[in-house]
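Have a look at run09.csv below; it lists CSV, C-alpha atoms and all ligand atoms.
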```csv
chain,number,residue,atom,x,y,z
A,100,MET,CA,24.8,-58.7,-30.2
A,101,GLN,CA,26.7,-55.5,-29.5
A,102,LEU,CA,29.0,-55.4,-26.5
A,103,ARG,CA,26.8,-52.9,-24.7
A,104,GLN,CA,23.8,-55.1,-25.1
A,105,VAL,CA,25.7,-58.1,-23.7
A,106,ILE,CA,26.7,-56.0,-20.7
A,107,GLY,CA,23.0,-55.0,-20.3
A,108,ASN,CA,21.9,-58.6,-20.4
A,109,ARG,CA,24.5,-59.8,-18.0
A,110,ARG,CA,22.3,-60.4,-15.0
A,111,SER,CA,22.8,-63.1,-12.4
A,112,ILE,CA,20.6,-66.0,-13.6
A,113,ARG,CA,19.7,-68.1,-10.6
A,114,PHE,CA,17.2,-70.4,-12.4
A,115,LEU,CA,18.7,-72.6,-15.1
A,116,ARG,CA,17.2,-75.4,-17.1
A,117,PRO,CA,18.4,-78.5,-15.3
A,118,TYR,CA,17.5,-80.7,-18.2
A,119,LYS,CA,19.4,-78.9,-20.9
A,120,PRO,CA,23.1,-79.7,-21.0
A,121,VAL,CA,25.6,-77.1,-22.0
A,122,GLU,CA,27.8,-77.9,-25.0
A,123,PRO,CA,31.5,-78.2,-23.9
A,124,GLU,CA,32.4,-76.0,-26.9
A,125,LYS,CA,30.5,-73.1,-25.3
A,126,ILE,CA,32.4,-73.5,-22.1
A,127,GLN,CA,35.6,-73.6,-24.1
A,128,ARG,CA,34.7,-70.2,-25.6
A,129,MET,CA,34.2,-68.9,-22.1
A,130,LEU,CA,37.6,-70.2,-21.1
A,131,GLU,CA,39.2,-68.8,-24.2
A,132,ALA,CA,37.8,-65.4,-23.3
A,133,ALA,CA,39.2,-65.7,-19.7
A,134,ARG,CA,42.6,-66.8,-21.0
A,135,ILE,CA,43.2,-63.6,-23.0
A,136,ALA,CA,42.2,-61.3,-20.2
A,137,SER,CA,44.7,-58.8,-18.8
A,138,HIS,CA,47.0,-59.9,-15.9
A,139,TRP,CA,49.8,-58.0,-14.1
A,140,GLY,CA,53.1,-59.0,-15.6
A,141,ASN,CA,51.3,-61.5,-17.8
A,142,VAL,CA,51.4,-64.0,-14.9
A,143,GLN,CA,48.1,-65.7,-15.8
A,144,SER,CA,47.1,-67.0,-12.4
A,145,LEU,CA,43.5,-67.7,-13.3
A,146,ARG,CA,42.6,-71.4,-13.4
A,147,ALA,CA,39.4,-73.4,-13.4
A,148,VAL,CA,37.9,-76.9,-13.1
A,149,VAL,CA,34.7,-77.2,-15.0
A,150,VAL,CA,32.3,-79.7,-13.5
A,151,PHE,CA,29.5,-81.1,-15.7
A,152,ARG,CA,26.6,-82.5,-13.7
A,153,ASP,CA,26.0,-85.2,-16.3
A,154,SER,CA,29.5,-86.7,-16.3
A,155,ALA,CA,31.2,-85.7,-13.1
A,156,ASP,CA,31.6,-88.3,-10.3
A,157,LYS,CA,29.6,-88.1,-7.1
A,158,GLU,CA,32.5,-87.0,-4.9
A,159,THR,CA,33.2,-84.1,-7.2
A,160,LEU,CA,29.6,-83.0,-7.3
A,161,GLU,CA,29.5,-83.2,-3.5
A,162,ALA,CA,32.6,-81.2,-3.2
A,163,LEU,CA,30.8,-78.1,-4.5
A,164,MET,CA,29.4,-76.2,-1.6
A,165,ALA,CA,27.9,-72.7,-1.5
A,166,PRO,CA,25.7,-71.7,1.4
A,167,ILE,CA,23.8,-68.7,0.0
A,168,ALA,CA,21.0,-69.8,-2.4
A,169,GLY,CA,22.9,-73.1,-2.6
A,170,PHE,CA,20.0,-74.7,-4.6
A,171,GLN,CA,21.7,-73.2,-7.7
A,172,ILE,CA,24.7,-75.6,-7.3
A,173,ARG,CA,22.4,-78.6,-7.0
A,174,ARG,CA,20.5,-77.7,-10.2
A,175,ALA,CA,23.0,-76.2,-12.5
A,176,PRO,CA,24.2,-78.3,-15.5
A,177,VAL,CA,27.7,-76.8,-15.2
A,178,VAL,CA,29.6,-75.4,-12.3
A,179,ILE,CA,33.0,-73.6,-13.0
A,180,VAL,CA,35.3,-73.7,-10.0
A,181,TRP,CA,37.5,-70.7,-10.6
A,182,TYR,CA,40.7,-70.6,-8.6
A,183,VAL,CA,43.9,-68.6,-8.5
A,184,GLU,CA,47.2,-70.5,-8.8
A,185,THR,CA,49.7,-68.4,-6.9
A,186,ALA,CA,52.6,-70.6,-8.0
A,187,ALA,CA,52.2,-68.9,-11.4
A,188,VAL,CA,53.9,-65.9,-9.8
A,189,ASP,CA,57.2,-68.0,-9.6
A,190,ASP,CA,57.4,-67.9,-13.4
A,191,GLN,CA,57.0,-64.2,-13.6
A,192,SER,CA,60.5,-63.5,-15.0
A,193,ASP,CA,59.8,-65.8,-18.0
A,194,ARG,CA,56.5,-64.0,-18.6
A,195,LEU,CA,58.3,-60.7,-18.7
A,196,ARG,CA,60.9,-62.1,-21.1
A,197,GLU,CA,58.1,-63.2,-23.4
A,198,LEU,CA,56.4,-59.8,-23.2
A,199,LEU,CA,59.6,-58.1,-24.2
A,200,LYS,CA,60.1,-60.4,-27.1
A,201,ALA,CA,56.5,-59.8,-28.2
A,202,GLY,CA,57.1,-56.0,-28.1
A,203,ALA,CA,54.4,-55.7,-25.5
A,204,LEU,CA,56.4,-53.8,-22.9
A,205,GLY,CA,56.6,-50.7,-25.0
A,206,PHE,CA,60.2,-51.5,-26.0
A,207,GLY,CA,61.5,-54.1,-28.4
A,208,GLU,CA,65.0,-55.5,-29.0
A,209,GLY,CA,68.0,-54.2,-27.2
A,210,LYS,CA,66.4,-54.0,-23.8
A,211,GLU,CA,67.2,-57.6,-22.7
A,212,GLU,CA,70.0,-56.5,-20.4
A,213,GLU,CA,67.9,-53.8,-18.7
A,214,LEU,CA,65.2,-56.3,-18.2
A,215,GLU,CA,67.6,-58.9,-16.6
A,216,THR,CA,69.5,-56.5,-14.4
A,217,LYS,CA,66.8,-54.0,-13.4
A,218,LEU,CA,63.2,-55.0,-13.9
A,219,ILE,CA,63.4,-58.7,-13.1
A,220,PRO,CA,65.3,-58.2,-9.8
A,221,VAL,CA,62.6,-55.7,-8.7
A,222,PHE,CA,59.9,-58.2,-9.3
A,223,GLU,CA,61.9,-61.1,-7.7
A,224,GLY,CA,62.1,-59.0,-4.5
A,225,ILE,CA,58.3,-58.9,-4.2
A,226,LEU,CA,57.4,-62.4,-5.5
A,227,GLU,CA,56.2,-63.8,-2.2
A,228,SER,CA,54.1,-60.7,-1.3
A,229,MET,CA,52.6,-60.8,-4.8
A,230,LYS,CA,51.2,-64.3,-4.0
A,231,GLN,CA,49.0,-62.8,-1.2
A,232,PRO,CA,45.4,-61.9,-2.0
A,233,GLY,CA,45.3,-58.8,-4.1
A,234,MET,CA,46.4,-58.1,-7.6
A,235,ASN,CA,46.0,-61.7,-8.8
A,236,GLU,CA,42.4,-61.7,-7.6
A,237,ILE,CA,41.7,-58.5,-9.5
A,238,ASP,CA,43.1,-60.1,-12.7
A,239,CYS,CA,41.2,-63.3,-12.1
A,240,GLY,CA,38.1,-61.2,-11.8
A,241,GLN,CA,38.8,-59.6,-15.2
A,242,GLY,CA,39.1,-63.1,-16.7
A,243,ILE,CA,35.9,-64.3,-15.1
A,244,ALA,CA,34.1,-61.2,-16.3
A,245,GLN,CA,35.2,-61.8,-19.9
A,246,ALA,CA,34.1,-65.4,-19.7
A,247,THR,CA,30.8,-64.3,-18.3
A,248,LEU,CA,30.2,-61.8,-21.1
A,249,MET,CA,31.0,-64.5,-23.6
A,250,ALA,CA,28.5,-66.8,-22.0
A,251,TYR,CA,25.7,-64.2,-22.3
A,252,GLU,CA,26.6,-63.6,-25.9
A,253,MET,CA,25.9,-67.3,-26.5
A,254,GLY,CA,22.6,-67.2,-24.8
A,255,LEU,CA,23.8,-68.8,-21.5
A,256,GLY,CA,23.1,-67.6,-18.0
A,257,CYS,CA,25.5,-67.6,-15.0
A,258,CYS,CA,25.6,-66.8,-11.4
A,259,CYS,CA,28.7,-66.3,-9.3
A,260,LEU,CA,28.5,-68.0,-5.9
A,261,GLY,CA,30.9,-67.1,-3.0
A,262,THR,CA,31.6,-69.7,-0.4
A,263,PRO,CA,33.4,-69.9,2.9
A,264,PHE,CA,34.3,-73.5,2.1
A,265,THR,CA,37.1,-72.6,-0.4
A,266,GLU,CA,39.8,-74.6,1.4
A,267,LYS,CA,37.6,-77.7,1.7
A,268,ILE,CA,36.7,-77.5,-2.0
A,269,ARG,CA,40.3,-77.1,-2.9
A,270,GLU,CA,41.2,-80.2,-0.9
A,271,ASN,CA,38.3,-82.2,-2.2
A,272,LEU,CA,39.1,-81.4,-5.8
A,273,GLY,CA,42.7,-82.2,-5.3
A,274,LEU,CA,43.9,-78.7,-6.3
A,275,PRO,CA,47.5,-77.7,-5.5
A,276,GLU,CA,48.2,-76.3,-2.0
A,277,THR,CA,49.5,-73.2,-3.7
A,278,SER,CA,46.1,-72.4,-5.1
A,279,ARG,CA,43.0,-70.6,-3.6
A,280,VAL,CA,39.5,-71.3,-4.7
A,281,LEU,CA,37.9,-68.0,-5.7
A,282,LEU,CA,34.2,-68.8,-6.5
A,283,LEU,CA,31.8,-71.2,-8.0
A,284,GLN,CA,30.0,-70.1,-11.2
A,285,THR,CA,26.9,-71.8,-12.3
A,286,VAL,CA,26.3,-72.0,-16.0
A,287,GLY,CA,23.4,-73.1,-18.1
A,288,TYR,CA,20.5,-72.1,-20.3
A,289,PRO,CA,18.2,-69.7,-18.4
A,290,ALA,CA,14.9,-71.1,-17.2
A,291,GLU,CA,13.8,-67.6,-16.2
A,292,ASP,CA,13.1,-64.7,-18.6
A,293,PRO,CA,16.5,-63.3,-19.7
A,294,GLN,CA,15.5,-60.0,-18.0
A,295,ALA,CA,15.5,-62.0,-14.7
A,296,GLY,CA,12.9,-59.7,-13.1
A,297,GLY,CA,14.5,-56.5,-14.4
A,298,GLN,CA,17.7,-54.5,-13.9
A,299,ARG,CA,19.1,-54.6,-10.4
A,300,PRO,CA,19.3,-51.5,-8.2
A,301,ARG,CA,22.6,-49.7,-8.2
A,302,LEU,CA,24.0,-46.8,-6.2
A,303,PRO,CA,23.8,-43.4,-7.9
A,304,PHE,CA,26.5,-42.9,-10.5
A,305,GLU,CA,27.6,-39.6,-9.0
A,306,GLN,CA,28.1,-41.2,-5.6
A,307,LEU,CA,30.6,-43.7,-7.1
A,308,PHE,CA,32.7,-41.8,-9.5
A,309,HIS,CA,34.7,-38.6,-9.2
A,310,MET,CA,36.4,-36.2,-11.6
A,311,ASN,CA,39.9,-34.9,-10.8
A,312,LYS,CA,39.4,-34.9,-7.1
A,313,PHE,CA,37.5,-36.9,-4.5
A,314,GLY,CA,34.1,-35.3,-3.8
A,315,LYS,CA,33.6,-33.8,-7.2
A,316,ALA,CA,31.1,-36.0,-8.9
A,317,PHE,CA,31.9,-37.2,-12.4
A,318,PRO,CA,29.3,-35.4,-14.5
A,319,ARG,CA,26.6,-37.7,-15.8
A,320,VAL,CA,25.3,-36.5,-19.2
A,321,GLN,CA,21.7,-37.4,-19.8
A,322,GLU,CA,22.2,-37.9,-23.6
A,323,VAL,CA,24.7,-40.7,-22.9
A,324,VAL,CA,22.3,-42.4,-20.5
A,325,ASP,CA,19.5,-42.1,-23.1
A,326,GLU,CA,21.8,-43.6,-25.8
A,327,LEU,CA,22.8,-46.6,-23.5
A,328,GLU,CA,19.1,-47.1,-22.7
A,329,ARG,CA,18.3,-47.2,-26.5
A,330,ASP,CA,21.1,-49.7,-27.1
A,331,GLY,CA,19.8,-52.0,-24.4
A,332,MET,CA,22.6,-51.6,-21.9
A,333,PHE,CA,20.2,-50.1,-19.4
A,334,GLN,CA,16.9,-51.9,-19.1
A,335,ALA,CA,13.7,-51.6,-17.1
A,336,PRO,CA,14.4,-51.7,-13.4
A,337,GLY,CA,13.2,-54.6,-11.3
A,338,PRO,CA,10.8,-55.9,-10.2
A,339,LEU,CA,9.0,-56.2,-13.5
A,340,PRO,CA,5.2,-56.6,-12.9
A,341,TYR,CA,5.1,-60.3,-13.3
A,342,ARG,CA,8.2,-61.1,-11.2
A,343,GLU,CA,6.4,-62.6,-8.2
A,344,GLU,CA,4.4,-65.0,-10.4
A,345,GLU,CA,7.6,-65.9,-12.3
A,346,LEU,CA,9.5,-66.7,-9.1
A,347,ASP,CA,6.6,-68.8,-7.8
A,348,PHE,CA,6.5,-70.7,-11.2
A,349,LEU,CA,10.2,-71.3,-11.2
A,350,GLN,CA,10.4,-72.4,-7.6
A,351,ARG,CA,7.7,-75.0,-8.3
A,352,ALA,CA,9.3,-76.1,-11.5
A,353,LEU,CA,12.7,-76.6,-9.9
A,354,ASP,CA,11.2,-78.1,-6.7
A,355,ILE,CA,12.7,-75.6,-4.4
A,356,LYS,CA,9.6,-74.0,-3.1
A,357,GLY,CA,10.0,-73.0,0.5
A,358,HIS,CA,13.7,-73.5,0.6
A,359,GLY,CA,14.4,-69.9,1.6
A,360,LEU,CA,17.6,-68.0,0.9
A,361,LEU,CA,20.0,-70.6,2.2
B,401,LIG,C1,31.9,-62.5,-6.3
B,401,LIG,C2,30.4,-62.8,-6.3
B,401,LIG,C3,29.9,-63.6,-5.4
B,401,LIG,C4,28.5,-63.8,-5.3
B,401,LIG,N1,28.0,-64.7,-4.4
B,401,LIG,C5,26.7,-65.1,-4.5
B,401,LIG,C6,26.1,-66.1,-3.6
B,401,LIG,O1,26.9,-66.7,-2.9
B,401,LIG,N2,24.8,-66.4,-3.8
B,401,LIG,C7,24.0,-65.8,-4.6
B,401,LIG,O2,22.8,-66.1,-4.7
B,401,LIG,N3,24.5,-64.8,-5.4
B,401,LIG,C8,25.8,-64.4,-5.4
B,401,LIG,N4,26.3,-63.4,-6.2
B,401,LIG,C9,25.4,-62.7,-7.1
B,401,LIG,C10,25.1,-61.3,-6.6
B,401,LIG,O3,24.2,-61.4,-5.5
B,401,LIG,C11,24.5,-60.5,-7.8
B,401,LIG,O4,25.6,-60.2,-8.6
B,401,LIG,C12,23.9,-59.2,-7.3
B,401,LIG,O5,22.7,-59.5,-6.6
B,401,LIG,C13,23.6,-58.2,-8.4
B,401,LIG,O6,22.8,-58.8,-9.4
B,401,LIG,P1,23.3,-59.0,-10.9
B,401,LIG,O7,24.5,-59.9,-10.9
B,401,LIG,O8,22.1,-59.6,-11.6
B,401,LIG,O9,23.6,-57.6,-11.4
B,401,LIG,C14,27.7,-63.2,-6.2
B,401,LIG,C15,28.2,-62.3,-7.1
B,401,LIG,C16,29.6,-62.1,-7.2
B,401,LIG,C17,30.1,-61.1,-8.2
```

Let's see the structure in the file written out as structure tokens.
Ligand SMILES: Cc1cc2nc3c(=O)[nH]c(=O)nc-3n(C[C@H](O)[C@H](O)[C@H](O)COP(=O)(O)O)c2cc1C
Amino acid sequence: MQLRQVIGNRRSIRFLRPYKPVEPEKIQRMLEAARIASHWGNVQSLRAVVVFRDSADKETLEALMAPIAGFQIRRAPVVIVWYVETAAVDDQSDRLRELLKAGALGFGEGKEEELETKLIPVFEGILESMKQPGMNEIDCGQGIAQATLMAYEMGLGCCCLGTPFTEKIRENLGLPETSRVLLLQTVGYPAEDPQAGGQRPRLPFEQLFHMNKFGKAFPRVQEVVDELERDGMFQAPGPLPYREEELDFLQRALDIKGHGLL
């Protein structure tokens, strides 16, 4: 599958086959994709605990709480608890030294002294502030996005679930005090059609993106839109004609009929 097709097929899949386990190797591929994502200063603060419904203990399963459409957590074969480890920021100097050695800073040998006397002191001065919510979360998001695209390439479906209970989950799972739970991501084989009712509504392109200055819409060329449609990145908008029947069918099959949104 081409990348643009994978992007087009990445749609939140809320209905997963509860009876079909996910191979740990497929989850490994997701984690491998997350691990090589970009991160400021190569700090690599993204971490995860992967919970398999089949083998996790009761306390761990009960620790996973997400209030919006929470049925997903109770049915998913796998839940990835993504979290940010802010203590990773403490090792930033070593990460910079590794980057220099690897020739990834745009300079190679001979810059060691400059790194030690100029760049590292700058970063050491801002270490504590860099642990606050911000850049790390952006980079964690990039890692989660790469893992998600990998999942769809392998025929899996996922849904990210935000939760106000991050601190409770952190404590229940025994994660370090220096970490923050970001979100829970359900993973499994889709029970719904991969189109999941059709492409979701999005705000107009021109409203979101600007060229050269704010207020000047980035020009949207129709030929490009047509090409991306042909390549499967843009698909038919929801709701597809059968969506209501599909939802009714899925809710009965998963025994969540009448549960509502919470
Ligand atoms: C960070 C994040 C948190 C989300 N939290 C929830 C949630 O708590 N419950 C839920 O049902 N969907 C949740 N979603 C899924 C969004 O509702 C979904 O992405 C949105 O409706 C757009 O649909 P799409 O992902 O299919 O494009 C979350 C998505 C993201 C990225």

Nearest-residue call for Gly256 of chain A, choices A:Pro220, A:Gly242, A:Pro176, A:Pro303, using only C-alpha atoms: A:Pro176

Surroundings of ligand LIG 401 (chain B) up to 9 Å, based on all atoms listed in the file, as a PyMOL selection string: chain A and resi 108-113+165-169+171+240+257-262+281-284+295+297-301+360-361

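Between Leu272 of chain A and the residues A:Leu302, A:Arg194, A:Leu346, A:Tyr182, the shortest atom-to-atom distance, using only C-alpha atoms, involves A:Tyr182.
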
Within-12 Å shell of (21.7, -50.0, -21.9) in input frame, only C-alpha atoms, as a ChimeraX atom specification: /A:101-109,298,323-336

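Shell of Glu122 of chain A at 12 Å, with all atoms listed in the file counted and residues fewer than 2 places along the chain excluded, is Lys119, Pro120, Glu124, Lys125, Ile126, Gln127, Arg128, Met129, Phe151, Asp153, Pro176, Val177, Ala250, Met253, Gly254, Leu255, Val286, Gly287 and Tyr288 of chain A.
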
Interatomic distance (Å, one decimal) between atom CA of Ala203 of chain A and atom CA of Asp238 of chain A: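 A separation of 17.6 Å between them.
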
A:Pro117, A:Gly202, A:Gly296, A:Pro232 ranked by distance to Leu339 of chain A, top pick (using only C-alpha atoms): A:Gly296

Interatomic distance, atom CA of Tyr118 of chain A to atom CA of Arg174 of chain A (Å, one decimal): 9.1 Å

Residues within 12 Å of (60.4, -62.0, -17.7), counting all atoms listed in the file, listed as an MDAnalysis selection string: chainID A and resid 139:142 188:201 203:204 210:223

Distance in Å - atom CA of Glu344 of chain A versus atom CA of Asp292 of chain A: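 Interatomic distance here is 12.0 Å.
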
Residue contacts of Gln231 of chain A (10 Å, all atoms listed in the file) excluding same-chain residues fewer than 5 positions away, as number ranges by chain: A: 185, 226, 236

Next, dump the selected residues to file, keeping only C-alpha atoms, as an mmCIF file, in the coordinates of the input.
```cif
data_model
loop_
_atom_site.group_PDB
_atom_site.id
_atom_site.type_symbol
_atom_site.label_atom_id
_atom_site.label_comp_id
_atom_site.auth_asym_id
_atom_site.auth_seq_id
_atom_site.Cartn_x
_atom_site.Cartn_y
_atom_site.Cartn_z
ATOM 1 C CA THR A 185 49.700 -68.400 -6.900
ATOM 2 C CA LEU A 226 57.400 -62.400 -5.500
ATOM 3 C CA GLU A 236 42.400 -61.700 -7.600
#
```

Residue neighbourhood segment 273-277 of chain A, 12 Å, all atoms listed in the file, exclusion window fewer than 6 positions, as JSON, numbers by chain: {"A": [144, 146, 147, 148, 158, 159, 162, 180, 181, 182, 183, 184, 185, 186, 187, 188, 189, 227, 230, 231, 265, 266, 267]}

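Take the candidates A:Leu130, A:Asn271, A:Gly205, A:Ile225 and check each one against Ile179 of chain A using all atoms listed in the file; the shortest distance goes to A:Leu130.
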
Nearest to Ile355 of chain A by atom-to-atom distance, counting all atoms listed in the file, from A:Tyr341, A:Phe264, A:Phe114, A:Phe317: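 Selected residue with least distance to Ile355 of chain A: A:Phe114.
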
Which of A:Ile135, A:Ile268, A:Ile243, A:Leu248 sits closest to Met164 of chain A [using all atoms listed in the file]: A:Ile268
